[in-house]
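Encoded as structure tokens, the structure appears first; notes follow it.
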Amino acid sequence: MAKEFIDDLTGKPLPFVPADSAPRLSGSSWAILLLASICAVLWLVPFWYLGLSVFKTTQEYTFSGPLGLPSGVAPLWGNIVEAWTAAGLGSAFVNSAIYGVVGAGFAVFFGAMGAYALTRLRFVGRRFWFMLIFLGTIFPFQMFLIPLFFGYSRLGIINTQAGMILLYVAIAIPFPTLVLKNHMAQMSLELDEAARMDGAAEFRVFWSIILPNCTGSLVALFLLQFTWIWNDLLFSMVLGNRPEIRSVMNALQVFQGNYSSTGPNVALTASLLASLPPVLAFVFLRRHFMEGLKV
């Protein structure tokens, strides 16, 4: 009996296609497949290098070369402990988690509120506010650094967690607003009118009617914004460089200058640890993420 394959999104079995009825590849298709395979191998080489390095001691890395096979898996735990303590990843992980969860969460929520107002409400200057929000996606982030630095210095919130959260919330709002605006514009206005006829207030319509129909897009946007905030180095270096509020990428940047004494294998182990949270978040929320991309 042929094995059934289940679609991750729908949960339904995929149709079975007999092998003899499958389309044959032409010469050009084989060439494209070969080129794609070569690109895939080249793309996987850094992961292979990383996978070899984290299982080596510093001495073994030095004498066996970067691509030499490790003698065993025992050095991995020692590299993890050394990377965690030497790079200060404990506090950096907590800080980045706070910045990512709170910053992305509030940004997506406020973006949803803005999208609701731009698509479901009628008010003077709606087009002006849309263009103002849209401008936040045009200019490069580097041009905000100097005004933000002097503004944060005058307000006394530079090198503070509150200042970093405020920055990430504000700078991550425009993109969710634009995406959710397109999503909400496709939803029927009759849903709002029916809820208002039943006595629902405006926020009740937004919270109970509109948001539940945007779950996929909300999760996809949260993952994208969380990943961006987690990987941010630019703003963290300029506005949050104190050790107790450093993000994980900032901690890795500081640690990178010290790997002459610890070894490249430890630095690579620290990089591997820093990359795990976004990957795990995507793995656990991948179904909602794929649903959001379909909208």
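Every chain in the structure tokens takes a letter, A first, then B, and so on in the order presented; its residues are numbered from 1, and the ligands are numbered from 1 following the presented order.
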
Excluding Ala97 (chain A) and any residue of its chain fewer than 5 positions from it, enumerate the residues within 9 Å of it, using only C-alpha atoms, and give them as a list in words.
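Selected residues are Ala92, Val102, Phe226, Trp230, Ser247 and Pro277 of chain A.
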
Residues from the last selection, C-alpha atoms, saved as a tab-separated table (two decimals), in the first residue's frame:
```tsv
chain	number	residue	atom	x	y	z
A	92	ALA	CA	22.17	39.02	26.55
A	102	VAL	CA	7.76	43.08	23.77
A	226	PHE	CA	11.05	39.31	16.33
A	230	TRP	CA	16.88	39.65	17.67
A	247	SER	CA	21.50	42.39	23.10
A	277	PRO	CA	15.75	31.13	19.38
```

Extract, using only C-alpha atoms, all DNA, RNA and protein residues at most 12 Å from Arg127 (chain A), discarding same-chain residues fewer than 6 positions from it, and format them as a ChimeraX atom specification.
/A:117-119,121,133-134

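Checking A:Leu211, A:Leu89, A:Ala40, A:Leu280 one by one against Ala251 (chain A), counting only C-alpha atoms, you find the shortest gap at A:Leu89.
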
Just list as an MDAnalysis selection string whatever in region 88-145 of chain A DSSP marks as alpha helix (DSSP H).
chainID A and resid 89:120 126:135 145

Name all residues at most 10 Å from Arg246 (chain A) (count only C-alpha atoms; drop same-chain ones fewer than 4 positions away) and give them as an MDAnalysis selection string.
chainID A and resid 88:89 91:96 159:161 164 233 236:237 239:242 250:252 254

Filtering to C-alpha atoms, could you give me those residues as a short mmCIF file (atom, residue, chain, number, x, y, z; two decimals), in the first residue's frame?
```cif
data_model
loop_
_atom_site.label_atom_id
_atom_site.label_comp_id
_atom_site.auth_asym_id
_atom_site.auth_seq_id
_atom_site.Cartn_x
_atom_site.Cartn_y
_atom_site.Cartn_z
CA GLY A 88 27.87 36.87 28.81
CA LEU A 89 25.14 35.23 26.77
CA SER A 91 21.91 38.33 30.30
CA ALA A 92 22.17 39.02 26.55
CA PHE A 93 19.61 36.29 25.81
CA VAL A 94 17.22 37.72 28.39
CA ASN A 95 17.62 41.24 27.01
CA SER A 96 17.09 40.17 23.40
CA ASN A 159 21.65 52.68 27.56
CA THR A 160 18.35 51.69 29.16
CA GLN A 161 16.01 48.78 28.46
CA MET A 164 15.62 50.08 23.52
CA LEU A 233 23.33 45.05 15.91
CA SER A 236 22.13 48.02 20.02
CA MET A 237 25.74 49.13 19.58
CA LEU A 239 21.97 53.11 21.97
CA GLY A 240 22.43 50.13 24.29
CA ASN A 241 26.08 49.29 24.77
CA ARG A 242 26.20 48.82 28.53
CA ASN A 250 26.03 43.10 20.60
CA ALA A 251 27.44 40.60 23.09
CA LEU A 252 28.71 38.47 20.19
CA VAL A 254 32.19 42.30 21.84
#
```

Excluding same-chain residues fewer than 2 positions from region 263-270 of chain A, what lies within 10 Å of it counting only C-alpha atoms, as a PDB file with C-alpha atoms, in the first residue's frame?
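Final file, result-v9.pdb:
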```pdb
ATOM      1  CA  TYR A  49      32.127  24.259   8.743  1.00  0.00           C
ATOM      2  CA  LEU A  50      30.091  25.394  11.749  1.00  0.00           C
ATOM      3  CA  GLY A  51      28.996  21.833  12.534  1.00  0.00           C
ATOM      4  CA  LEU A  52      32.607  20.605  12.512  1.00  0.00           C
ATOM      5  CA  SER A  53      34.010  23.494  14.555  1.00  0.00           C
ATOM      6  CA  VAL A  54      31.644  23.318  17.525  1.00  0.00           C
ATOM      7  CA  PHE A  55      32.731  19.714  18.232  1.00  0.00           C
ATOM      8  CA  LYS A  56      36.429  20.608  18.464  1.00  0.00           C
ATOM      9  CA  THR A  57      38.623  21.892  21.255  1.00  0.00           C
ATOM     10  CA  THR A  58      40.722  24.964  20.563  1.00  0.00           C
ATOM     11  CA  GLN A  59      43.854  22.828  20.282  1.00  0.00           C
ATOM     12  CA  GLU A  60      42.150  20.377  17.940  1.00  0.00           C
ATOM     13  CA  TYR A  61      40.815  23.229  15.799  1.00  0.00           C
ATOM     14  CA  THR A  62      44.335  24.682  15.498  1.00  0.00           C
ATOM     15  CA  PRO A  66      38.942  24.190   9.983  1.00  0.00           C
ATOM     16  CA  PRO A  75      34.106  19.079  23.382  1.00  0.00           C
ATOM     17  CA  LEU A  76      30.681  20.496  22.462  1.00  0.00           C
ATOM     18  CA  TRP A  77      29.496  20.881  26.051  1.00  0.00           C
ATOM     19  CA  GLY A  78      32.762  22.550  27.097  1.00  0.00           C
ATOM     20  CA  ASN A  79      32.484  24.985  24.194  1.00  0.00           C
ATOM     21  CA  ILE A  80      28.885  25.798  25.142  1.00  0.00           C
ATOM     22  CA  VAL A  81      29.791  26.491  28.770  1.00  0.00           C
ATOM     23  CA  GLU A  82      32.797  28.618  27.833  1.00  0.00           C
ATOM     24  CA  ALA A  83      30.851  30.578  25.206  1.00  0.00           C
ATOM     25  CA  TRP A  84      27.917  31.144  27.561  1.00  0.00           C
ATOM     26  CA  THR A  85      30.094  32.480  30.392  1.00  0.00           C
ATOM     27  CA  ALA A  86      32.837  34.300  28.445  1.00  0.00           C
ATOM     28  CA  ALA A  87      30.432  36.118  26.112  1.00  0.00           C
ATOM     29  CA  GLY A  88      27.868  36.871  28.813  1.00  0.00           C
ATOM     30  CA  LEU A  89      25.136  35.232  26.770  1.00  0.00           C
ATOM     31  CA  VAL A 248      22.800  38.993  22.091  1.00  0.00           C
ATOM     32  CA  ALA A 251      27.437  40.602  23.086  1.00  0.00           C
ATOM     33  CA  LEU A 252      28.710  38.468  20.188  1.00  0.00           C
ATOM     34  CA  GLN A 253      30.328  41.521  18.609  1.00  0.00           C
ATOM     35  CA  PHE A 255      33.117  38.638  22.286  1.00  0.00           C
ATOM     36  CA  GLN A 256      34.433  38.388  18.715  1.00  0.00           C
ATOM     37  CA  GLY A 257      37.405  40.585  19.599  1.00  0.00           C
ATOM     38  CA  ASN A 258      38.372  38.167  22.348  1.00  0.00           C
ATOM     39  CA  TYR A 259      38.430  34.882  20.493  1.00  0.00           C
ATOM     40  CA  SER A 260      42.234  35.010  20.138  1.00  0.00           C
ATOM     41  CA  SER A 261      42.271  33.849  23.735  1.00  0.00           C
ATOM     42  CA  LEU A 272      25.213  28.880  17.014  1.00  0.00           C
ATOM     43  CA  LEU A 273      23.574  29.411  20.395  1.00  0.00           C
ATOM     44  CA  ALA A 274      22.525  32.946  19.411  1.00  0.00           C
ATOM     45  CA  SER A 275      20.829  31.686  16.241  1.00  0.00           C
TER      46      SER A 275
END
```

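For the residues A:Leu191, A:Val45, A:Ile171, A:Val238, ranking by smallest atom-to-atom distance to Leu135 (chain A) using only C-alpha atoms places A:Ile171 first.
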
To one decimal place in Å, what is the distance between CA of Ile245 (chain A) and CA of Ala281 (chain A)?
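Here the two named atoms are 22.4 Å from each other.
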
To one decimal in Å, tell me the separation between CA of Phe109 (chain A) and CA of Leu145 (chain A).
24.9 Å

Neighbour list for region 177-182 of chain A as a count of residues only, cut-off 6 Å, only C-alpha atoms, skip fewer than 5 positions in-chain
3

Within 12 Å of region 193-201 of chain A, counting only C-alpha atoms, which residues qualify if same-chain residues fewer than 5 places away don't, as a PDB file with C-alpha atoms, in the first residue's frame?
```pdb
ATOM      1  CA  ARG A 120     -12.438  50.438   8.512  1.00  0.00           C
ATOM      2  CA  LEU A 121     -12.869  54.029   9.713  1.00  0.00           C
ATOM      3  CA  SER A 188     -16.088  42.690   4.191  1.00  0.00           C
ATOM      4  CA  PHE A 206     -11.474  45.390  16.345  1.00  0.00           C
ATOM      5  CA  TRP A 207     -10.657  42.919  19.128  1.00  0.00           C
ATOM      6  CA  SER A 208     -13.361  40.305  18.628  1.00  0.00           C
ATOM      7  CA  ILE A 209     -14.159  40.487  14.911  1.00  0.00           C
ATOM      8  CA  ILE A 210     -11.136  41.724  12.967  1.00  0.00           C
TER       9      ILE A 210
END
```

In Å and to one decimal, CA of Trp129 (chain A) is distant from CA of Phe203 (chain A) by 19.8 Å
